[in-house]
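Enquirer: My structure is in structure08.tsv, and what it holds is TSV, C-alpha atoms and all ligand atoms:
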chain	number	residue	atom	x	y	z
A	105	VAL	CA	0.00	0.00	0.00
A	106	ILE	CA	1.47	3.32	-1.06
A	107	THR	CA	-0.03	6.32	0.68
A	108	ASP	CA	2.50	9.05	0.25
A	109	MET	CA	4.56	10.17	-2.71
A	110	PHE	CA	7.01	12.13	-0.66
A	111	ALA	CA	7.47	10.07	2.51
A	112	PRO	CA	11.16	9.78	3.38
A	113	THR	CA	12.55	6.42	2.35
A	114	ASP	CA	15.90	4.64	2.15
A	115	ASP	CA	14.93	3.31	-1.24
A	116	PRO	CA	17.33	4.80	-3.79
A	117	GLU	CA	15.01	3.98	-6.71
A	118	ILE	CA	12.17	6.29	-7.73
A	119	LYS	CA	9.07	4.38	-6.71
A	120	HIS	CA	6.50	5.76	-9.14
A	121	ILE	CA	8.79	5.19	-12.14
A	122	GLN	CA	9.65	1.69	-10.96
A	123	LEU	CA	5.96	0.88	-10.53
A	124	ALA	CA	4.93	2.61	-13.76
A	125	GLU	CA	7.33	0.38	-15.70
A	126	SER	CA	6.30	-2.86	-14.03
A	127	ILE	CA	2.49	-2.78	-14.17
A	128	ASP	CA	0.26	-4.36	-16.81
A	129	LEU	CA	-2.69	-2.12	-16.09
A	130	LEU	CA	-3.42	0.97	-14.03
A	131	LEU	CA	-6.92	0.56	-12.59
A	132	VAL	CA	-8.29	3.55	-10.71
A	133	ALA	CA	-11.40	2.59	-8.78
A	134	PRO	CA	-13.02	4.69	-7.52
A	135	ALA	CA	-11.83	7.60	-9.65
A	136	THR	CA	-12.90	10.96	-8.26
A	137	ALA	CA	-13.75	14.09	-10.31
A	138	ASN	CA	-10.48	15.50	-8.98
A	139	ALA	CA	-8.44	12.51	-10.21
A	140	LEU	CA	-10.02	12.71	-13.67
A	141	ALA	CA	-9.27	16.45	-13.82
A	142	LYS	CA	-5.64	15.87	-12.89
A	143	PHE	CA	-5.24	13.04	-15.41
A	144	ALA	CA	-6.85	15.14	-18.17
A	145	ASN	CA	-4.57	18.08	-17.47
A	146	GLY	CA	-1.31	16.26	-16.76
A	147	ILE	CA	-1.13	17.47	-13.17
A	148	ALA	CA	1.24	15.28	-11.17
A	149	ASP	CA	1.13	16.43	-7.56
A	150	ASP	CA	0.54	13.13	-5.75
A	151	PHE	CA	1.42	9.47	-6.18
A	152	LEU	CA	-1.59	8.47	-8.26
A	153	SER	CA	-1.50	11.35	-10.74
A	154	THR	CA	2.28	10.97	-11.06
A	155	LEU	CA	1.90	7.24	-11.68
A	156	TYR	CA	-0.75	7.95	-14.34
A	157	ILE	CA	1.48	10.36	-16.23
A	158	SER	CA	4.51	8.08	-16.06
A	159	THR	CA	3.02	4.75	-17.14
A	160	THR	CA	2.64	3.40	-20.66
A	161	SER	CA	0.35	0.56	-19.55
A	162	PRO	CA	-3.38	0.62	-20.34
A	163	VAL	CA	-5.41	2.75	-17.93
A	164	LEU	CA	-8.88	1.84	-16.74
A	165	VAL	CA	-10.90	4.19	-14.57
A	166	ALA	CA	-14.15	3.57	-12.75
A	167	PRO	CA	-15.49	6.98	-11.73
A	168	ALA	CA	-17.61	7.49	-8.63
A	169	MET	CA	-18.94	10.88	-7.55
A	170	ASN	CA	-21.97	13.03	-6.90
A	171	VAL	CA	-24.50	13.17	-9.76
A	172	GLU	CA	-23.91	16.88	-10.43
A	173	MET	CA	-20.15	16.46	-10.39
A	174	TRP	CA	-20.43	13.66	-12.96
A	175	ALA	CA	-22.73	15.81	-15.12
A	176	HIS	CA	-20.65	19.00	-14.80
A	177	PRO	CA	-19.26	20.27	-18.12
A	178	ALA	CA	-15.74	20.26	-16.67
A	179	THR	CA	-15.98	16.55	-15.83
A	180	ARG	CA	-17.66	15.79	-19.19
A	181	GLU	CA	-14.79	17.55	-20.96
A	182	ASN	CA	-12.16	15.72	-18.90
A	183	VAL	CA	-13.79	12.35	-19.63
A	184	ARG	CA	-13.93	13.17	-23.35
A	185	ARG	CA	-10.25	14.10	-23.43
A	186	LEU	CA	-9.21	11.01	-21.52
A	187	ARG	CA	-11.26	8.72	-23.79
A	188	GLU	CA	-9.63	10.36	-26.80
A	189	ARG	CA	-6.24	9.50	-25.31
A	190	GLY	CA	-7.21	5.86	-24.99
A	191	VAL	CA	-8.18	5.77	-21.32
A	192	GLU	CA	-10.84	3.11	-20.78
A	193	PHE	CA	-13.88	3.74	-18.60
A	194	VAL	CA	-16.31	1.61	-16.65
A	195	ASP	CA	-19.01	4.23	-16.39
A	196	PRO	CA	-20.74	4.80	-13.09
A	197	GLU	CA	-24.17	3.33	-12.51
A	198	GLU	CA	-27.42	5.01	-11.51
A	199	GLY	CA	-28.69	4.62	-7.99
A	200	TYR	CA	-28.49	5.97	-4.47
A	201	LEU	CA	-25.29	7.88	-3.97
A	202	ALA	CA	-23.27	8.48	-0.81
A	203	CYS	CA	-24.47	12.10	-0.87
A	204	ARG	CA	-28.07	10.79	-0.48
A	205	THR	CA	-29.16	11.80	-3.96
A	206	VAL	CA	-30.26	9.48	-6.74
A	207	GLY	CA	-28.70	9.47	-10.19
A	208	ALA	CA	-25.62	8.56	-12.17
A	209	GLY	CA	-22.39	8.55	-10.20
A	210	ARG	CA	-22.37	5.30	-8.26
A	211	LEU	CA	-19.24	3.17	-8.64
A	212	ALA	CA	-19.87	0.29	-11.07
A	213	GLU	CA	-20.29	-3.16	-9.56
A	214	PRO	CA	-16.86	-4.69	-8.79
A	215	GLU	CA	-17.59	-7.62	-11.13
A	216	ARG	CA	-17.99	-5.25	-14.13
A	217	ILE	CA	-14.74	-3.49	-13.23
A	218	VAL	CA	-12.79	-6.71	-12.79
A	219	ASN	CA	-14.13	-8.22	-16.03
A	220	ARG	CA	-13.12	-5.13	-18.01
A	221	ALA	CA	-9.70	-5.13	-16.30
A	222	LEU	CA	-9.16	-8.77	-17.26
A	223	GLU	CA	-10.19	-8.05	-20.85
A	224	LEU	CA	-7.62	-5.26	-21.01
A	225	VAL	CA	-4.84	-7.28	-19.42
A	226	GLY	CA	-5.52	-10.10	-21.87
A	227	PRO	CA	-6.00	-13.79	-21.13
A	228	SER	CA	-2.34	-14.73	-21.50
A	229	GLU	CA	-1.36	-12.31	-18.75
A	230	SER	CA	-3.90	-13.58	-16.25
A	231	ILE	CA	-2.13	-15.60	-13.55
A	232	ASP	CA	-5.30	-17.53	-12.77
A	233	GLU	CA	-5.87	-18.43	-16.37
A	234	PRO	CA	-6.89	-22.07	-16.38
A	235	ARG	CA	-4.16	-23.62	-18.51
A	236	ALA	CA	-3.43	-27.28	-18.06
A	237	ASP	CA	-0.26	-27.56	-20.11
A	238	LEU	CA	1.64	-29.11	-17.19
A	239	THR	CA	-0.79	-31.98	-16.72
A	240	GLY	CA	1.24	-35.15	-16.27
A	241	GLU	CA	4.32	-33.25	-15.11
A	242	ARG	CA	5.61	-33.98	-11.62
A	243	VAL	CA	7.38	-30.88	-10.39
A	244	LEU	CA	9.76	-30.97	-7.43
A	245	VAL	CA	10.29	-27.52	-5.88
A	246	THR	CA	12.66	-26.59	-3.06
A	247	ALA	CA	11.88	-23.40	-1.14
A	248	GLY	CA	12.86	-21.28	1.82
A	249	PRO	CA	16.05	-21.15	3.87
A	250	THR	CA	17.85	-23.86	5.77
A	251	GLN	CA	18.89	-23.52	9.40
A	252	GLU	CA	22.22	-24.91	10.55
A	253	ALA	CA	22.48	-25.29	14.31
A	254	ILE	CA	25.40	-23.75	16.21
A	255	ASP	CA	24.13	-24.78	19.63
A	256	PRO	CA	20.66	-25.66	21.02
A	257	VAL	CA	19.41	-22.05	20.65
A	258	ARG	CA	21.31	-20.55	17.72
A	259	PHE	CA	21.59	-21.30	14.05
A	260	LEU	CA	23.02	-19.96	10.77
A	261	SER	CA	20.39	-19.09	8.22
A	262	ASN	CA	19.40	-16.46	5.63
A	263	ARG	CA	16.59	-14.10	4.66
A	264	SER	CA	14.61	-16.43	2.37
A	265	SER	CA	10.87	-16.19	3.08
A	266	GLY	CA	9.86	-19.06	0.81
A	267	LYS	CA	7.74	-16.74	-1.35
A	268	MET	CA	9.54	-17.46	-4.63
A	269	GLY	CA	9.46	-21.23	-4.12
A	270	TYR	CA	5.84	-21.24	-2.96
A	271	ALA	CA	4.90	-19.14	-6.01
A	272	MET	CA	6.62	-21.76	-8.19
A	273	ALA	CA	4.63	-24.53	-6.55
A	274	GLU	CA	1.39	-22.57	-6.87
A	275	ALA	CA	1.97	-21.75	-10.55
A	276	ALA	CA	2.80	-25.38	-11.38
A	277	LEU	CA	-0.31	-26.62	-9.55
A	278	ALA	CA	-2.50	-24.06	-11.37
A	279	ARG	CA	-1.25	-25.45	-14.68
A	280	GLY	CA	-2.13	-29.04	-13.81
A	281	ALA	CA	1.18	-30.41	-12.47
A	282	THR	CA	1.59	-32.65	-9.46
A	283	VAL	CA	3.84	-30.79	-7.04
A	284	THR	CA	6.16	-31.91	-4.27
A	285	LEU	CA	7.35	-28.94	-2.25
A	286	ILE	CA	10.40	-29.44	-0.05
A	287	THR	CA	10.57	-26.46	2.23
A	288	GLY	CA	12.83	-25.02	4.86
A	289	PRO	CA	11.31	-23.21	7.86
A	290	VAL	CA	9.08	-20.33	6.67
A	291	SER	CA	6.04	-18.56	8.06
A	292	ILE	CA	3.80	-18.68	4.99
A	293	ASP	CA	1.23	-21.38	4.23
A	294	PRO	CA	2.03	-23.92	1.52
A	295	PRO	CA	-0.26	-23.85	-1.51
A	296	GLU	CA	-3.21	-26.21	-1.28
A	297	GLY	CA	-2.68	-29.34	-3.32
A	298	ALA	CA	1.10	-29.55	-2.99
A	299	ARG	CA	2.67	-32.52	-1.20
A	300	THR	CA	4.74	-30.59	1.29
A	301	ILE	CA	7.81	-31.96	3.06
A	302	SER	CA	9.25	-29.76	5.81
A	303	VAL	CA	12.96	-29.85	6.53
A	304	ARG	CA	15.30	-27.73	8.60
A	305	THR	CA	18.90	-28.30	7.51
A	306	ALA	CA	20.72	-28.58	4.18
A	307	ALA	CA	21.39	-32.25	4.98
A	308	GLU	CA	17.66	-32.88	5.52
A	309	MET	CA	16.81	-31.05	2.30
A	310	PHE	CA	19.43	-33.09	0.45
A	311	LYS	CA	17.91	-36.34	1.70
A	312	ALA	CA	14.34	-35.24	0.90
A	313	VAL	CA	15.36	-34.26	-2.65
A	314	LYS	CA	17.21	-37.57	-3.13
A	315	ASP	CA	14.18	-39.54	-1.91
A	316	ASN	CA	11.80	-37.72	-4.28
A	317	LEU	CA	13.97	-37.13	-7.34
A	318	GLU	CA	13.20	-40.39	-9.11
A	319	ASP	CA	9.54	-39.51	-9.51
A	320	ALA	CA	10.05	-35.92	-10.73
A	321	THR	CA	9.93	-34.77	-14.36
A	322	MET	CA	10.98	-31.22	-13.49
A	323	VAL	CA	13.07	-29.88	-10.61
A	324	VAL	CA	13.16	-26.21	-9.62
A	325	MET	CA	15.56	-25.37	-6.80
A	326	THR	CA	14.48	-22.08	-5.37
A	327	ALA	CA	15.68	-22.78	-1.83
A	328	ALA	CA	18.42	-20.67	-0.29
A	329	VAL	CA	20.46	-23.59	1.01
A	330	ALA	CA	23.29	-22.89	3.41
A	331	ASP	CA	26.64	-23.38	1.72
A	332	TYR	CA	28.30	-23.87	5.11
A	333	ARG	CA	27.26	-25.34	8.45
A	334	PRO	CA	29.05	-25.47	11.80
A	335	ALA	CA	31.50	-28.37	11.69
A	336	SER	CA	30.05	-29.51	15.02
A	337	THR	CA	26.93	-28.54	16.94
A	338	LEU	CA	27.49	-27.80	20.60
A	339	GLN	CA	25.20	-29.67	22.98
A	340	GLN	CA	24.98	-26.75	25.41
A	341	LYS	CA	24.38	-23.05	24.81
A	342	ILE	CA	27.63	-21.17	24.18
A	343	LYS	CA	28.47	-18.82	27.06
A	344	LYS	CA	30.19	-15.54	26.40
A	345	ASN	CA	33.65	-15.17	27.95
A	346	GLY	CA	34.96	-11.88	26.57
A	347	LYS	CA	37.20	-13.65	24.04
A	348	LEU	CA	37.01	-13.91	20.27
A	349	LEU	CA	34.73	-16.77	19.28
A	350	VAL	CA	35.72	-18.70	16.17
A	351	LEU	CA	33.16	-20.91	14.46
A	352	GLU	CA	34.51	-23.70	12.31
A	353	LEU	CA	32.35	-24.28	9.25
A	354	GLU	CA	32.22	-27.13	6.77
A	355	GLN	CA	30.65	-27.14	3.35
A	356	THR	CA	27.17	-28.62	2.90
A	357	GLU	CA	26.11	-30.99	0.13
A	358	ASP	CA	25.38	-29.24	-3.16
A	359	ILE	CA	21.84	-30.47	-3.78
A	360	LEU	CA	21.42	-28.88	-7.21
A	361	SER	CA	24.65	-30.38	-8.54
A	362	ALA	CA	23.66	-33.80	-7.24
A	363	ALA	CA	20.21	-33.55	-8.86
A	364	ALA	CA	21.72	-32.33	-12.14
A	365	ARG	CA	24.20	-35.23	-12.18
A	366	GLU	CA	21.29	-37.66	-12.13
A	367	ARG	CA	18.97	-35.60	-14.27
A	368	GLY	CA	18.21	-38.29	-16.87
A	369	SER	CA	15.30	-36.95	-18.93
A	370	ARG	CA	14.09	-34.47	-16.29
A	371	VAL	CA	14.50	-30.72	-16.58
A	372	VAL	CA	16.65	-29.29	-13.79
A	373	ILE	CA	16.48	-25.60	-12.95
A	374	GLY	CA	18.46	-23.76	-10.29
A	375	PHE	CA	18.56	-20.22	-9.02
A	376	ALA	CA	21.47	-17.86	-8.48
A	377	ALA	CA	21.14	-15.32	-5.69
A	378	GLU	CA	23.77	-12.73	-6.49
A	379	THR	CA	24.79	-9.30	-5.23
A	380	GLU	CA	27.30	-8.46	-7.99
A	381	ASN	CA	28.20	-9.61	-11.52
A	382	VAL	CA	24.81	-11.30	-11.60
A	383	ILE	CA	24.89	-12.76	-15.11
A	384	GLU	CA	28.56	-13.71	-15.05
A	385	ASN	CA	28.11	-15.58	-11.76
A	386	ALA	CA	24.90	-17.22	-12.98
A	387	ARG	CA	26.71	-18.46	-16.11
A	388	LYS	CA	29.41	-19.94	-13.88
A	389	LYS	CA	26.74	-21.73	-11.82
A	390	LEU	CA	25.09	-23.03	-14.99
A	391	ASN	CA	28.33	-24.70	-16.03
A	392	GLU	CA	29.51	-25.81	-12.60
A	393	LYS	CA	26.21	-27.23	-11.42
A	394	GLY	CA	25.08	-28.75	-14.72
A	395	ALA	CA	21.52	-27.40	-14.64
A	396	HIS	CA	19.53	-26.72	-17.84
A	397	LEU	CA	18.69	-23.23	-16.68
A	398	ILE	CA	19.77	-20.85	-13.95
A	399	VAL	CA	17.34	-18.18	-12.81
A	400	ALA	CA	19.49	-15.25	-11.73
A	401	ASN	CA	18.23	-12.60	-9.33
A	402	ASP	CA	19.96	-9.63	-7.75
A	403	VAL	CA	19.25	-10.05	-4.05
A	404	SER	CA	20.72	-6.67	-3.17
A	405	ALA	CA	17.76	-4.90	-4.87
A	406	SER	CA	14.98	-3.70	-2.60
A	407	ASP	CA	12.17	-4.90	-4.90
A	408	ALA	CA	13.63	-8.27	-5.89
A	409	GLY	CA	15.08	-11.42	-4.35
A	410	PHE	CA	14.48	-12.07	-0.66
A	411	GLU	CA	11.18	-11.45	1.18
A	412	VAL	CA	9.39	-9.14	-1.27
A	413	ASP	CA	6.48	-10.20	-3.53
A	414	THR	CA	8.23	-9.13	-6.74
A	415	ASN	CA	11.33	-10.30	-8.55
A	416	ARG	CA	13.46	-9.25	-11.49
A	417	ILE	CA	14.91	-12.40	-13.00
A	418	SER	CA	17.22	-13.33	-15.85
A	419	LEU	CA	16.94	-16.74	-17.45
A	420	VAL	CA	20.47	-17.96	-18.11
A	421	SER	CA	20.96	-21.06	-20.28
A	422	SER	CA	23.25	-22.35	-23.00
A	423	GLU	CA	20.93	-20.56	-25.45
A	424	GLY	CA	21.75	-17.17	-23.96
A	425	VAL	CA	20.31	-14.75	-21.43
A	426	VAL	CA	16.72	-13.48	-21.25
A	427	ASP	CA	16.30	-10.47	-18.94
A	428	LEU	CA	12.77	-10.07	-17.64
A	429	PRO	CA	11.36	-6.87	-16.09
A	430	LEU	CA	10.15	-6.52	-12.52
A	431	MET	CA	7.06	-8.64	-11.97
A	432	SER	CA	5.23	-10.51	-9.24
A	433	LYS	CA	6.88	-13.73	-8.06
A	434	LYS	CA	3.81	-15.58	-9.33
A	435	LYS	CA	4.30	-14.20	-12.80
A	436	ALA	CA	8.03	-14.88	-12.66
A	437	ALA	CA	7.19	-18.47	-11.71
A	438	GLY	CA	4.97	-18.70	-14.80
A	439	GLN	CA	7.85	-17.50	-16.98
A	440	ILE	CA	10.19	-20.09	-15.45
A	441	LEU	CA	7.66	-22.85	-16.13
A	442	ASP	CA	7.30	-21.63	-19.74
A	443	ALA	CA	11.08	-21.86	-20.07
A	444	ALA	CA	11.04	-25.37	-18.53
A	445	MET	CA	8.45	-26.46	-21.11
A	446	ARG	CA	10.54	-25.01	-23.94
A	447	ILE	CA	13.60	-26.92	-22.70
A	448	LYS	CA	11.56	-30.09	-22.51
A	449	GLN	CA	10.19	-29.64	-26.01
A	450	SER	CA	13.55	-28.80	-27.54
A	451	ARG	CA	15.11	-31.88	-25.94
A	452	ALA	CA	12.26	-34.05	-27.20
A	453	SER	CA	12.70	-32.80	-30.74
A	501	LIG	O1	12.35	-17.06	-0.50
A	501	LIG	P1	12.24	-15.63	-0.97
A	501	LIG	O2	12.26	-14.65	0.17
A	501	LIG	O3	11.08	-15.45	-1.91
A	501	LIG	O4	13.56	-15.30	-1.81
A	501	LIG	C1	13.78	-15.89	-3.04
A	501	LIG	C2	15.27	-16.27	-3.23
A	501	LIG	C3	16.13	-15.03	-3.24
A	501	LIG	C4	15.73	-17.21	-2.11
A	501	LIG	C5	15.35	-17.03	-4.61
A	501	LIG	O5	14.89	-16.18	-5.62
A	501	LIG	C6	16.77	-17.49	-4.90
A	501	LIG	O6	17.58	-16.78	-5.43
A	501	LIG	N1	17.06	-18.76	-4.52
A	501	LIG	C7	18.42	-19.34	-4.57
A	501	LIG	C8	19.17	-18.94	-3.35
A	501	LIG	C9	20.56	-19.53	-3.30
A	501	LIG	O7	20.89	-20.24	-2.43
A	501	LIG	O8	21.30	-19.22	-4.34
A	501	LIG	P2	22.84	-19.71	-4.55
A	501	LIG	O9	23.34	-18.86	-5.65
A	501	LIG	O10	23.58	-19.69	-3.27
A	501	LIG	O11	22.68	-21.20	-5.01
A	501	LIG	C10	22.58	-21.60	-6.37
A	501	LIG	C11	21.65	-22.78	-6.52
A	501	LIG	O12	22.20	-23.92	-5.87
A	501	LIG	C12	20.27	-22.58	-5.96
A	501	LIG	O13	19.31	-23.17	-6.84
A	501	LIG	C13	20.31	-23.33	-4.63
A	501	LIG	O14	19.02	-23.87	-4.30
A	501	LIG	C14	21.30	-24.43	-4.93
A	501	LIG	N2	22.11	-24.89	-3.78
A	501	LIG	C15	22.88	-24.02	-3.09
A	501	LIG	C16	23.67	-24.49	-2.04
A	501	LIG	C17	23.62	-25.86	-1.74
A	501	LIG	N3	24.33	-26.34	-0.74
A	501	LIG	N4	22.86	-26.69	-2.43
A	501	LIG	C18	22.10	-26.23	-3.47
A	501	LIG	O15	21.40	-27.01	-4.12
Show how you would write the structure in this file as structure tokens.
Ligand code: PMT
Expert:
Amino acid sequence: VITDMFAPTDDPEIKHIQLAESIDLLLVAPATANALAKFANGIADDFLSTLYISTTSPVLVAPAMNVEMWAHPATRENVRRLRERGVEFVDPEEGYLACRTVGAGRLAEPERIVNRALELVGPSESIDEPRADLTGERVLVTAGPTQEAIDPVRFLSNRSSGKMGYAMAEAALARGATVTLITGPVSIDPPEGARTISVRTAAEMFKAVKDNLEDATMVVMTAAVADYRPASTLQQKIKKNGKLLVLELEQTEDILSAAARERGSRVVIGFAAETENVIENARKKLNEKGAHLIVANDVSASDAGFEVDTNRISLVSSEGVVDLPLMSKKKAAGQILDAAMRIKQSRAS
């Protein structure tokens, strides 16, 4: 929820431009007489009007206002100008208005607004579009962080929320696949319909993947697996003693490499969480780990990678690199599944 254009923020990126570039549709519902007037005249003095003037996506407005305001020549003129510029309208309905008068000005029923919005976005962009092109596929997804115990109360972990992996599972289920979701500890609910296996450590995730690999036709490793764990876990809580504490770490199993080694006919996809030289490092991972595709994301960005609902991914394969714009994790998951299907088809042919 964005409520203020000018609130102080640590975010170095300009939010309205970022948003304007990433949206598929700007839907303004309800749209006031004031908002229409600003849009018609290019006034940009708050977040909404600034977003309107900086987006190239389709714009749909559903006006709602007093009957006289809707009928006023100024509003009529603003509506005419906006229509001429390609702005789409779901006109208000007649009925009792909030100002206790009767007439045209009441916000259209939500169903009419949503239907028009979906028409404008187009069926292929709808994330809930019932497509069953993954029917028969058995997709194994890893998600979330792992936790590597230091002592009975402390562990090494990372910022993964599980959102990207859960979005993968959800997108695959929506397209008819059978999904096994192997997840580290997260606080979000797994999608309904997925067979969910909860693990804590990299070793547990490794074993769960090994046990379920045989049955999978596609593997997508979204999990942020610890690369290192404490070489030994202390049985009692470490006490502080004023001295430097050195933790000895050992490398964990590389689950993606192991799955790729035994990939057979299945498609194996990994992720690369990078903070610098994103594509170069992803290419290295593609070669070292032997996956068909590496999904690279810059986890130092504030709107991508860990925790947030959006991601900006690059699909890195032997065919080249496809950079995708900022989008929801659900949409990104759809793009990854499309890529998985293309890999499958090209291997079959
Ligand atoms: O969960 P979210 O908050 O939504 O955040 C999403 C995400 C940032 C975790 C996700 O988009 C992502 O980038 N996942 C991969 C994180 C990671 O561990 O990247 P990596 O570059 O360290 O590892 C490369 C690949 O090897 C990954 O597919 C990883 O699952 C796998 N790996 C890593 C270490 C290991 N021991 N075994 C592995 O299989």
Enquirer: Need the shell around range 423-428 of chain A: protein/DNA/RNA residues with any atom at most 10 Å away, counting all atoms listed in the file. Skip same-chain ones fewer than 3 positions apart. Format as an mmCIF file with C-alpha atoms, in the coordinates of the input?
Expert:
data_model
loop_
_atom_site.group_PDB
_atom_site.id
_atom_site.type_symbol
_atom_site.label_atom_id
_atom_site.label_comp_id
_atom_site.auth_asym_id
_atom_site.auth_seq_id
_atom_site.Cartn_x
_atom_site.Cartn_y
_atom_site.Cartn_z
ATOM 1 C CA ILE A 383 24.890 -12.760 -15.110
ATOM 2 C CA ALA A 386 24.900 -17.220 -12.980
ATOM 3 C CA ARG A 387 26.710 -18.460 -16.110
ATOM 4 C CA HIS A 396 19.530 -26.720 -17.840
ATOM 5 C CA LEU A 397 18.690 -23.230 -16.680
ATOM 6 C CA ILE A 398 19.770 -20.850 -13.950
ATOM 7 C CA VAL A 399 17.340 -18.180 -12.810
ATOM 8 C CA ALA A 400 19.490 -15.250 -11.730
ATOM 9 C CA ASN A 415 11.330 -10.300 -8.550
ATOM 10 C CA ARG A 416 13.460 -9.250 -11.490
ATOM 11 C CA ILE A 417 14.910 -12.400 -13.000
ATOM 12 C CA SER A 418 17.220 -13.330 -15.850
ATOM 13 C CA LEU A 419 16.940 -16.740 -17.450
ATOM 14 C CA VAL A 420 20.470 -17.960 -18.110
ATOM 15 C CA MET A 431 7.060 -8.640 -11.970
ATOM 16 C CA ALA A 436 8.030 -14.880 -12.660
ATOM 17 C CA GLN A 439 7.850 -17.500 -16.980
#
Enquirer: Could you please extract the residues within 7 Å of ligand LIG 501 (chain A), counting all atoms listed in the file, and hand them back as a PyMOL selection string?
Expert: chain A and resi 247-248+263-269+306+325-331+356-361+374-378+389+400-401+403+409-412
Enquirer: Do you have the CA of Leu351 in chain A-CA of Ala335 in chain A distance handy?
Expert: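 If I compute the distance from CA of Leu351 in chain A to CA of Ala335 in chain A, I get 8.1 Å.
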Enquirer: Considering all atoms listed in the file, return as a PDB file with C-alpha atoms, in the frame of the given file whatever protein or nucleic-acid residues lie within 12 Å of Arg216 in chain A, sequence-local ones (same chain, fewer than 6 positions apart) excluded.
Expert:
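Contents of the output file part-v2.pdb:
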ATOM      1  CA  ALA A 133     -11.400   2.590  -8.780  1.00  0.00           C
ATOM      2  CA  LEU A 164      -8.880   1.840 -16.740  1.00  0.00           C
ATOM      3  CA  VAL A 165     -10.900   4.190 -14.570  1.00  0.00           C
ATOM      4  CA  ALA A 166     -14.150   3.570 -12.750  1.00  0.00           C
ATOM      5  CA  PHE A 193     -13.880   3.740 -18.600  1.00  0.00           C
ATOM      6  CA  VAL A 194     -16.310   1.610 -16.650  1.00  0.00           C
ATOM      7  CA  ASP A 195     -19.010   4.230 -16.390  1.00  0.00           C
ATOM      8  CA  PRO A 196     -20.740   4.800 -13.090  1.00  0.00           C
ATOM      9  CA  GLU A 197     -24.170   3.330 -12.510  1.00  0.00           C
ATOM     10  CA  LEU A 222      -9.160  -8.770 -17.260  1.00  0.00           C
ATOM     11  CA  GLU A 223     -10.190  -8.050 -20.850  1.00  0.00           C
TER      12      GLU A 223
END
Enquirer: I want to know what sits within 12 Å of Glu188 in chain A, based on all atoms listed in the file, with residues of the same chain fewer than 6 positions away left out; could you give that as a PyMOL selection string?
Expert: chain A and resi 144+181-182
Enquirer: Can you pull out every residue within 8 Å of Gly240 in chain A, counting only C-alpha atoms, but drop anything in the same chain fewer than 5 positions away, and send it as an MDAnalysis selection string?
Expert: chainID A and resid 280:282
Enquirer: I'd like the contact shell of range 365-369 of chain A - 10 Å cut-off, only C-alpha atoms, skipping same-chain residues fewer than 5 positions apart - returned as a list in words.
Expert: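 Non-adjacent residues within range: Lys314, Leu317, Glu318, Ala320, Thr321, Met322, Val323, Ile359, Leu360, Lys393, Gly394, Ala395, His396, Lys448, Arg451 and Ala452 of chain A.
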Enquirer: Can you tell me how far CA of Ala437 in chain A sits from CA of Ala276 in chain A, in Å to one decimal?
Expert: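 Between these atoms lies a distance of 8.2 Å.
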Enquirer: Please indicate the distance in Å from CA of Ser421 in chain A to CA of Glu125 in chain A, rounded to one decimal place.
Expert: 25.8 Å
Enquirer: Measuring atom to atom with all atoms listed in the file, identify which of A:Ala175, A:Val163, A:Leu353, A:Leu131 is nearest to Arg189 in chain A.
Expert: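 Looking at the shortest contact to Arg189 in chain A, the residue is A:Val163.
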Enquirer: List every protein, DNA or RNA residue that has at least one atom no more than 12 Å from (10.3, 1.7, -11.0) in the file's coordinates, counting only C-alpha atoms, and write the result as a ChimeraX atom specification.
Expert: /A:115-127,155,158-159,405-408,414,416,429-431
Enquirer: Ranking A:Leu338, A:Ala278, A:Ala202, A:Leu211 by minimum distance to Glu252 in chain A and counting only C-alpha atoms, which one comes first?
Expert: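 Checking each candidate against Glu252 in chain A, we get A:Leu338 as the closest.
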Enquirer: Go through A:Arg210, A:Thr160, A:Phe151, A:Gly346 one by one, measure the shortest atom-to-atom distance of each to Glu172 in chain A using all atoms listed in the file, and give the residue with the smallest value.
Expert: A:Arg210
Enquirer: Which of these residues is nearest to Arg299 in chain A, using all atoms listed in the file: A:Arg235, A:Arg279, A:Arg187, A:Arg242?
Expert: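 Under the stated criterion, the closest residue is A:Arg242.
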